[in-house]
Protein chains: 2
Amino acid sequence: MTPQPAQLEALVAIADQGSFEAAAKALHVTASAVSQRIRALETMAGQVLVSRTTPCRPTAAGAAYVRLGRQTRLLYDEARLAVDDADHPDVVVGLAVAVNADSLATWFRDVLSVVAGWDNVALRLRVEDQAWSADLLRSGEVLAAVTSDPTPVQGCAVEPLGVLRYGAAASPELVERWRRGRGIDWERMPVVVFNEKDELQHQLLARRGVTPRVEHRVPTSTDFHEAVRRGLGWCTLPEPQLLPDLEAGRLVRLPGREQDHRIDVPLYWQRWRLDSPVLARLTESVHAAARAHLRRPVAS
Amino acid sequence: MTPQPAQLEALVAIADQGSFEAAAKALHVTASAVSQRIRALETMAGQVLVSRTTPCRPTAAGAAYVRLGRQTRLLYDEARLAVDDADHPDVVVGLAVAVNADSLATWFRDVLSVVAGWDNVALRLRVEDQAWSADLLRSGEVLAAVTSDPTPVQGCAVEPLGVLRYGAAASPELVERWRRGRGIDWERMPVVVFNEKDELQHQLLARRGVTPRVEHRVPTSTDFHEAVRRGLGWCTLPEPQLLPDLEAGRLVRLPGREQDHRIDVPLYWQRWRLDSPVLARLTESVHAAARAHLRRPVAS
């Protein structure tokens with residue numbers, strides 16, 4: 001037996017909304033209709049697909065059906081669009097995509113400009129770090145992700161996008177304040193990190209065997225950049241944010257060899273293996289933006 | 001009996017790190033030392049304070065001690081600073097603060113400039129919506145928050161900061177595309193929202209009884225602003241982002257009366273009631289930045 005679209009739709013709605021009642025409301029059906037569809041799906045699968053907790057969550061087996069439901073919904077929507085656009089002016093294909101914060105704040109913005117020209121597509125961005133992106137791909141909550149993780153998620157294709165290079169910098173005043181001869185007081189100069197998981201600055205400090213005294217945390221890419229401009233501390237910035245500020249004199253590189261203060265982060269596009277024209281167009285625009293702004297990956 | 005500082009410190013470390021082992025590592029003690037301190041604390045309290053799950057979490061009773069631990073740590077650090085700065089050059093007072101995204105992307109940046117001039121203070125920002133800020137204040141994970149929620153969290157003082165005014169806007173091209181006579185096609189013009197919880201745009205649409213066809217989601221303040229500049233959809237923007245773009249012609253207001261497209265969001269500073277000089281200085285700089293950038297609250 002094959003799951004019915006309406007059954008999968010009910011399961012996805014429960015996963016999104018957290019309860020049978022909220023799912024019913026979102027689907028404009030009764031709660032008992034939702035219950036019936038889930039029971040039918042569970043009978044077919046021969047196992048429980050939804051934990052009746054607060055909030056309700058799909059079980060491990062349920063998660064596979066949630067993902068199937070999300071994938072088939074995309075294909076159904078696209079098919080309806082293709083069959084008769086004029087008769088279905090209200091078909092909107094939702095594209096849920098995870099992007100790491102620094103990409104969204106820099107090169108990925110070109111993708112927004114491209115999508116702005118598309119009808120019938122709603123872009124739903126999630127800003128997540130790579131560990132969480134893999135979960136979102138696995139559960140089908142996003143159909144693609146920009147991530148620094150090259151490990152393919154089951155059912156996904158992985159394509160290299162290029163390298164985002166980070167360099168260490170600070171405001172000119174901050175560097176003057178902590179300059180000691182030809183070097184700098186790495187221990188006492190404050191550092192700004194993105195959040196407690198951000199390792200980039202610590203990678204550079206570890207090369208010097210230093211633990212900084214004052215560590216500020218600013219957890220959004222553009223505000224992080226602005227905090228460094230305002231002299232809160234030094235940090236590593238992606239080149240699209242760093243280079244214009246170096247040029248304008250708002251930021252300066254830290255004393256020492258540039259190659260000691262550089263971190264290259266290779267980025268990848270992980271996406272569902274689905275024959276979806278909309279996903280293919282999105283993939284094309286992501287590659288175009290990456291080609292325009294990222295460095296070529298070094299041959300391995 | 002009174003909890004010992006080292007016991008509270010162990011409990012806070014477990015809440016932060018998620019396990020006895022990681023807490024021991026962070027505190028540079030053995031895991032058995034951490035276990036002993038927690039057992040002593042639990043004996044004193046007469047109840048379990050940590051659920052030994054993965055990750056470990058404080059129980060409801062444990063949460064009260066975690067908060068006590070965080071508050072006393074601030075006071076101890078400040079006392080050490082006050083007693084002998086020269087002898088304790090390495091005392092750093094951590095200030096964990098929650099800020100809503102639009103504030104951090106606009107007026108709160110002046111606070112960063114002020115903190116950049118302070119020694120011995122590490123600012124740890126969390127960007128959270130108001131529902132979550134209350135939880136963070138309650139658990140003591142932050143000691144203050146900029147929030148639109150005036151309901152005081154137990155043990156916190158609430159001070160009005162002023163009003164952040166939002167106005168509806170879009171790129172000139174987008175408005176031209178969806179202009180219909182003297183009005184606009186509200187149903188078909190795409191909208192950009194912050195995330196699924198963002199109600200600001202929908203408040204305006206509800207006034208018109210309209211459901212938009214295409215809803216894009218861009219969940220970080222500055223990228224949201226940039227998406228609208230690039231024509232992805234219309235939105236409501238806070239005035240500090242909106243007004244310079246109107247001036248420069250990058251964005252235009254939507255057709256209709258300005259007062260129909262306006263939402264005023266009163267903001268508040270919620271902070272622990274603690275006699276902490278550092279928190280008092282931070283509070284002062286937050287009020288100064290708010291006075292410089294926010295509108296006066298309307299007398300109620």
# chains A, B, ... in the order shown; residues from 1 in each chain; ligands from 1
$ residues_around --residues "Trp272 of chain A" --least-positions-apart "5" --cutoff "10 Å" --atoms "only C-alpha atoms" --output "count of residues only"
15
$ interface_residues --of "chain B" --to "chain A" --cutoff "9 Å" --atoms "only C-alpha atoms" --output "number ranges by chain"
B: 90-94, 96, 101, 104-105, 109-110, 112-117, 119-127, 190, 195, 213-223, 226-227, 230-233
$ calpha_fit_and_write --fixed "chain B" --moving "chain A" --output "tab-separated table (two decimals) with C-alpha atoms, in the first residue's frame"
chain	number	residue	atom	x	y	z
A	1	MET	CA	22.98	25.93	55.83
A	2	THR	CA	24.15	28.12	52.98
A	3	PRO	CA	25.32	26.82	49.61
A	4	GLN	CA	29.07	27.17	49.11
A	5	PRO	CA	30.28	29.19	46.09
A	6	ALA	CA	32.20	26.17	44.75
A	7	GLN	CA	29.01	24.07	44.89
A	8	LEU	CA	26.99	26.67	43.00
A	9	GLU	CA	29.82	27.06	40.51
A	10	ALA	CA	29.70	23.30	39.83
A	11	LEU	CA	25.93	23.44	39.31
A	12	VAL	CA	26.18	26.40	36.90
A	13	ALA	CA	28.94	24.61	34.97
A	14	ILE	CA	26.73	21.52	34.57
A	15	ALA	CA	23.85	23.69	33.36
A	16	ASP	CA	26.17	25.40	30.85
A	17	GLN	CA	28.10	22.33	29.70
A	18	GLY	CA	25.47	19.60	29.85
A	19	SER	CA	27.47	16.93	31.70
A	20	PHE	CA	29.46	16.37	34.90
A	21	GLU	CA	32.58	15.54	32.84
A	22	ALA	CA	32.42	18.71	30.72
A	23	ALA	CA	31.71	20.79	33.84
A	24	ALA	CA	34.79	19.28	35.55
A	25	LYS	CA	36.91	20.10	32.54
A	26	ALA	CA	35.66	23.70	32.39
A	27	LEU	CA	36.39	24.16	36.10
A	28	HIS	CA	39.75	22.36	35.96
A	29	VAL	CA	38.74	19.89	38.69
A	30	THR	CA	38.02	16.14	38.68
A	31	ALA	CA	34.59	14.76	37.78
A	32	SER	CA	34.35	13.24	41.27
A	33	ALA	CA	34.89	16.69	42.82
A	34	VAL	CA	31.95	17.96	40.77
A	35	SER	CA	29.81	14.98	41.83
A	36	GLN	CA	30.65	15.56	45.51
A	37	ARG	CA	29.69	19.24	45.33
A	38	ILE	CA	26.38	18.46	43.65
A	39	ARG	CA	25.58	15.70	46.17
A	40	ALA	CA	26.37	18.08	49.05
A	41	LEU	CA	24.13	20.73	47.52
A	42	GLU	CA	21.32	18.20	46.98
A	43	THR	CA	21.62	16.91	50.55
A	44	MET	CA	21.37	20.47	51.84
A	45	ALA	CA	18.38	21.25	49.60
A	46	GLY	CA	16.74	17.91	50.38
A	47	GLN	CA	15.94	17.30	46.71
A	48	VAL	CA	17.41	16.39	43.35
A	49	LEU	CA	18.82	19.47	41.61
A	50	VAL	CA	20.18	17.90	38.40
A	51	SER	CA	18.39	15.39	36.14
A	52	ARG	CA	21.07	12.91	35.11
A	53	THR	CA	19.84	12.88	31.51
A	54	THR	CA	21.79	13.49	28.29
A	55	PRO	CA	22.37	16.40	28.40
A	56	CYS	CA	22.10	16.92	32.19
A	57	ARG	CA	19.54	19.58	33.09
A	58	PRO	CA	18.76	21.39	36.33
A	59	THR	CA	15.41	20.39	37.88
A	60	ALA	CA	12.89	23.11	38.75
A	61	ALA	CA	14.50	23.41	42.19
A	62	GLY	CA	17.96	23.25	40.62
A	63	ALA	CA	17.12	26.16	38.32
A	64	ALA	CA	16.70	28.47	41.33
A	65	TYR	CA	20.20	27.55	42.52
A	66	VAL	CA	21.65	27.96	39.01
A	67	ARG	CA	20.29	31.47	38.95
A	68	LEU	CA	21.63	32.15	42.45
A	69	GLY	CA	25.01	30.84	41.29
A	70	ARG	CA	25.06	33.16	38.29
A	71	GLN	CA	24.02	36.18	40.32
A	72	THR	CA	26.54	35.58	43.10
A	73	ARG	CA	29.32	34.99	40.56
A	74	LEU	CA	28.71	38.47	39.14
A	75	LEU	CA	28.81	39.98	42.64
A	76	TYR	CA	31.96	38.04	43.61
A	77	ASP	CA	33.75	39.10	40.43
A	78	GLU	CA	32.79	42.71	40.97
A	79	ALA	CA	33.90	42.61	44.59
A	80	ARG	CA	37.29	41.21	43.54
A	81	LEU	CA	37.59	43.97	40.95
A	82	ALA	CA	36.71	46.64	43.52
A	83	VAL	CA	39.01	45.35	46.30
A	84	ASP	CA	42.19	45.32	44.33
A	85	ASP	CA	42.22	45.92	40.63
A	86	ALA	CA	46.04	45.89	40.36
A	87	ASP	CA	46.27	42.52	42.10
A	88	HIS	CA	43.52	40.98	39.97
A	89	PRO	CA	44.22	42.08	36.42
A	90	ASP	CA	42.56	38.93	35.18
A	91	VAL	CA	39.16	39.37	36.78
A	92	VAL	CA	36.69	39.71	33.92
A	93	VAL	CA	33.01	40.27	34.64
A	94	GLY	CA	30.77	38.53	32.11
A	95	LEU	CA	27.59	40.39	31.17
A	96	ALA	CA	25.12	38.12	29.41
A	97	VAL	CA	22.35	40.13	27.76
A	98	ALA	CA	19.46	39.20	25.44
A	99	VAL	CA	18.56	41.70	22.71
A	100	ASN	CA	15.83	41.51	20.11
A	101	ALA	CA	17.24	41.35	16.58
A	102	ASP	CA	15.96	44.72	15.34
A	103	SER	CA	17.40	46.56	18.33
A	104	LEU	CA	20.84	45.01	17.93
A	105	ALA	CA	20.80	45.91	14.24
A	106	THR	CA	19.95	49.55	14.99
A	107	TRP	CA	20.07	51.64	18.20
A	108	PHE	CA	21.71	49.06	20.51
A	109	ARG	CA	24.94	49.37	18.51
A	110	ASP	CA	25.72	52.56	20.43
A	111	VAL	CA	25.94	50.37	23.54
A	112	LEU	CA	28.68	48.34	21.81
A	113	SER	CA	30.69	51.53	21.30
A	114	VAL	CA	30.43	52.33	25.01
A	115	VAL	CA	31.37	48.82	26.17
A	116	ALA	CA	34.37	48.93	23.80
A	117	GLY	CA	35.85	51.49	26.20
A	118	TRP	CA	35.48	49.31	29.31
A	119	ASP	CA	38.18	47.03	30.67
A	120	ASN	CA	37.39	43.83	32.51
A	121	VAL	CA	33.93	43.35	31.03
A	122	ALA	CA	32.99	40.66	28.51
A	123	LEU	CA	29.64	41.28	26.80
A	124	ARG	CA	27.81	38.09	25.81
A	125	LEU	CA	24.89	38.94	23.58
A	126	ARG	CA	22.03	36.59	22.77
A	127	VAL	CA	19.60	37.50	20.01
A	128	GLU	CA	16.22	36.20	21.06
A	129	ASP	CA	12.57	36.96	20.71
A	130	GLN	CA	10.65	38.07	23.74
A	131	ALA	CA	9.15	34.73	24.75
A	132	TRP	CA	12.57	33.19	25.04
A	133	SER	CA	14.12	36.25	26.74
A	134	ALA	CA	11.81	35.75	29.71
A	135	ASP	CA	13.04	32.15	30.07
A	136	LEU	CA	16.66	33.30	29.89
A	137	LEU	CA	16.06	35.91	32.60
A	138	ARG	CA	14.25	33.37	34.75
A	139	SER	CA	17.04	30.82	34.49
A	140	GLY	CA	19.68	33.49	35.01
A	141	GLU	CA	21.31	32.78	31.65
A	142	VAL	CA	21.09	36.48	30.94
A	143	LEU	CA	21.08	39.24	33.56
A	144	ALA	CA	19.22	41.73	31.41
A	145	ALA	CA	17.17	41.87	28.22
A	146	VAL	CA	15.85	44.35	25.68
A	147	THR	CA	12.35	43.06	25.04
A	148	SER	CA	8.91	44.16	23.94
A	149	ASP	CA	7.45	42.26	26.90
A	150	PRO	CA	6.53	44.56	29.82
A	151	THR	CA	5.54	41.66	32.13
A	152	PRO	CA	8.20	41.60	34.83
A	153	VAL	CA	10.08	38.33	35.30
A	154	GLN	CA	10.27	37.47	39.00
A	155	GLY	CA	13.27	39.21	40.57
A	156	CYS	CA	13.67	41.64	37.68
A	157	ALA	CA	13.09	45.39	37.32
A	158	VAL	CA	11.34	46.62	34.16
A	159	GLU	CA	12.14	50.04	32.72
A	160	PRO	CA	10.53	51.52	29.56
A	161	LEU	CA	13.08	52.42	26.89
A	162	GLY	CA	10.90	54.06	24.25
A	163	VAL	CA	9.12	53.08	21.09
A	164	LEU	CA	10.60	51.55	17.94
A	165	ARG	CA	8.31	52.60	15.08
A	166	TYR	CA	7.94	50.33	12.05
A	167	GLY	CA	6.71	51.47	8.65
A	168	ALA	CA	5.77	49.48	5.54
A	169	ALA	CA	8.06	49.89	2.55
A	170	ALA	CA	9.37	48.23	-0.59
A	171	SER	CA	11.76	48.88	-3.45
A	172	PRO	CA	10.44	51.39	-6.02
A	173	GLU	CA	10.44	48.67	-8.75
A	174	LEU	CA	8.34	46.30	-6.66
A	175	VAL	CA	5.75	48.97	-5.91
A	176	GLU	CA	5.53	49.90	-9.60
A	177	ARG	CA	5.05	46.27	-10.54
A	178	TRP	CA	2.09	45.71	-8.22
A	179	ARG	CA	0.50	49.16	-8.41
A	180	ARG	CA	-3.16	49.02	-9.43
A	181	GLY	CA	-4.52	52.54	-10.02
A	182	ARG	CA	-4.06	54.50	-6.78
A	183	GLY	CA	-3.72	51.33	-4.70
A	184	ILE	CA	-1.69	48.20	-4.74
A	185	ASP	CA	-2.35	44.47	-5.21
A	186	TRP	CA	-1.79	43.47	-1.58
A	187	GLU	CA	-2.67	39.87	-2.28
A	188	ARG	CA	-0.19	39.25	-5.07
A	189	MET	CA	2.68	41.52	-4.03
A	190	PRO	CA	5.19	39.24	-2.21
A	191	VAL	CA	5.89	39.94	1.46
A	192	VAL	CA	9.10	39.27	3.40
A	193	VAL	CA	8.75	38.22	7.03
A	194	PHE	CA	11.48	37.56	9.60
A	195	ASN	CA	10.35	34.03	10.51
A	196	GLU	CA	7.13	32.14	11.09
A	197	LYS	CA	6.57	33.96	14.41
A	198	ASP	CA	6.89	37.42	12.88
A	199	GLU	CA	3.47	39.07	13.08
A	200	LEU	CA	4.25	42.65	12.07
A	201	GLN	CA	3.51	42.37	8.36
A	202	HIS	CA	0.45	40.22	9.08
A	203	GLN	CA	-0.95	42.84	11.46
A	204	LEU	CA	-1.04	45.28	8.55
A	205	LEU	CA	-2.51	42.69	6.18
A	206	ALA	CA	-5.15	41.73	8.74
A	207	ARG	CA	-6.31	45.37	8.83
A	208	ARG	CA	-7.01	44.94	5.10
A	209	GLY	CA	-8.35	41.37	5.38
A	210	VAL	CA	-5.72	40.09	2.95
A	211	THR	CA	-3.65	36.88	2.85
A	212	PRO	CA	-0.52	37.31	0.73
A	213	ARG	CA	0.21	34.73	-1.93
A	214	VAL	CA	3.98	34.61	-1.63
A	215	GLU	CA	5.64	34.92	1.77
A	216	HIS	CA	9.44	34.84	1.89
A	217	ARG	CA	11.32	34.35	5.18
A	218	VAL	CA	14.70	35.93	5.98
A	219	PRO	CA	15.48	35.47	9.67
A	220	THR	CA	18.20	38.04	10.45
A	221	SER	CA	17.55	41.74	10.74
A	222	THR	CA	20.16	43.20	8.38
A	223	ASP	CA	19.72	40.48	5.74
A	224	PHE	CA	15.95	40.99	5.94
A	225	HIS	CA	16.50	44.70	5.29
A	226	GLU	CA	18.83	43.90	2.39
A	227	ALA	CA	16.34	41.41	0.88
A	228	VAL	CA	13.70	44.15	0.79
A	229	ARG	CA	16.14	46.59	-0.83
A	230	ARG	CA	16.77	43.95	-3.49
A	231	GLY	CA	13.07	43.74	-4.27
A	232	LEU	CA	12.25	40.33	-2.78
A	233	GLY	CA	9.05	41.71	-1.24
A	234	TRP	CA	7.59	44.46	0.93
A	235	CYS	CA	7.89	44.49	4.71
A	236	THR	CA	7.73	46.67	7.79
A	237	LEU	CA	11.12	48.08	8.80
A	238	PRO	CA	12.18	49.88	11.98
A	239	GLU	CA	12.67	53.61	11.38
A	240	PRO	CA	16.45	53.62	11.89
A	241	GLN	CA	16.71	51.29	8.87
A	242	LEU	CA	13.74	52.76	6.97
A	243	LEU	CA	14.28	56.52	7.06
A	244	PRO	CA	17.78	56.70	5.48
A	245	ASP	CA	16.59	54.40	2.68
A	246	LEU	CA	13.49	56.53	2.02
A	247	GLU	CA	15.72	59.62	1.92
A	248	ALA	CA	18.11	57.94	-0.55
A	249	GLY	CA	15.25	56.61	-2.72
A	250	ARG	CA	16.30	52.98	-2.20
A	251	LEU	CA	12.91	52.26	-0.66
A	252	VAL	CA	9.50	53.91	-0.92
A	253	ARG	CA	6.48	53.86	1.36
A	254	LEU	CA	3.50	51.82	0.20
A	255	PRO	CA	0.48	53.63	-1.28
A	256	GLY	CA	-2.10	54.66	1.31
A	257	ARG	CA	-2.09	56.67	4.51
A	258	GLU	CA	1.19	56.44	6.42
A	259	GLN	CA	-0.67	55.90	9.72
A	260	ASP	CA	-2.32	52.76	8.29
A	261	HIS	CA	1.12	51.25	7.62
A	262	ARG	CA	2.71	51.97	10.95
A	263	ILE	CA	3.27	49.78	13.99
A	264	ASP	CA	4.70	51.11	17.25
A	265	VAL	CA	6.58	48.59	19.39
A	266	PRO	CA	7.36	49.76	22.94
A	267	LEU	CA	10.63	48.33	24.24
A	268	TYR	CA	11.65	47.61	27.81
A	269	TRP	CA	14.85	46.90	29.72
A	270	GLN	CA	14.34	43.99	32.09
A	271	ARG	CA	17.22	43.37	34.46
A	272	TRP	CA	18.02	41.53	37.64
A	273	ARG	CA	17.47	43.51	40.85
A	274	LEU	CA	21.12	43.33	41.88
A	275	ASP	CA	23.35	45.96	43.42
A	276	SER	CA	25.96	45.56	40.67
A	277	PRO	CA	27.96	48.60	39.52
A	278	VAL	CA	28.74	46.99	36.14
A	279	LEU	CA	25.06	46.23	35.51
A	280	ALA	CA	24.22	49.79	36.59
A	281	ARG	CA	26.73	51.22	34.07
A	282	LEU	CA	25.34	48.99	31.33
A	283	THR	CA	21.80	50.08	32.21
A	284	GLU	CA	22.86	53.72	31.95
A	285	SER	CA	24.39	53.22	28.50
A	286	VAL	CA	21.30	51.33	27.28
A	287	HIS	CA	19.05	54.18	28.39
A	288	ALA	CA	21.33	56.74	26.73
A	289	ALA	CA	21.27	54.86	23.41
A	290	ALA	CA	17.50	54.41	23.64
A	291	ARG	CA	16.99	58.14	24.35
A	292	ALA	CA	19.10	59.01	21.30
A	293	HIS	CA	17.26	56.72	18.85
A	294	LEU	CA	13.81	55.66	20.08
A	295	ARG	CA	10.59	57.64	20.20
A	296	ARG	CA	9.19	58.76	23.54
A	297	PRO	CA	6.54	56.38	24.86
A	298	VAL	CA	3.03	57.77	24.53
A	299	ALA	CA	1.57	58.56	27.97
A	300	SER	CA	-0.96	55.88	28.83
$ select_by_dssp --residues "segment 47-126 of chain A" --states "helix (DSSP H, G or I)" --output "ChimeraX atom specification"
/A:60-83,101-104,109-115
$ select_by_dssp --residues "segment 112-175 of chain A" --states "strand (DSSP E)" --output "list in words"
Val121, Ala122, Leu123, Arg124, Leu125, Arg126, Val127, Ala144, Ala145, Val146, Thr147, Cys156, Ala157, Val158, Glu159, Pro160, Leu161, Gly162, Val163, Leu164, Arg165, Tyr166, Gly167, Ala168, Ala169 and Ala170 of chain A
$ write_last_selection --atoms "C-alpha atoms" --output "short mmCIF file (atom, residue, chain, number, x, y, z; two decimals), in the first residue's frame"
data_model
loop_
_atom_site.label_atom_id
_atom_site.label_comp_id
_atom_site.auth_asym_id
_atom_site.auth_seq_id
_atom_site.Cartn_x
_atom_site.Cartn_y
_atom_site.Cartn_z
CA VAL A 121 8.22 30.71 -5.31
CA ALA A 122 8.40 31.48 -1.59
CA LEU A 123 11.93 31.32 -0.17
CA ARG A 124 12.07 30.24 3.49
CA LEU A 125 15.54 30.79 4.84
CA ARG A 126 16.88 29.29 8.06
CA VAL A 127 20.16 30.54 9.47
CA ALA A 144 18.97 22.36 0.53
CA ALA A 145 21.69 23.93 2.65
CA VAL A 146 24.84 26.02 2.33
CA THR A 147 27.16 24.36 4.81
CA CYS A 156 21.32 14.43 -0.72
CA ALA A 157 23.81 15.51 -3.39
CA VAL A 158 26.86 17.51 -2.25
CA GLU A 159 28.44 20.08 -4.56
CA PRO A 160 31.49 22.23 -3.68
CA LEU A 161 30.80 25.96 -3.90
CA GLY A 162 34.22 27.44 -3.22
CA VAL A 163 36.15 28.80 -0.28
CA LEU A 164 35.20 31.65 2.03
CA ARG A 165 38.48 33.09 3.33
CA TYR A 166 38.59 34.69 6.78
CA GLY A 167 41.24 37.13 7.93
CA ALA A 168 41.97 38.58 11.38
CA ALA A 169 41.33 42.29 11.79
CA ALA A 170 40.44 45.02 14.27
#
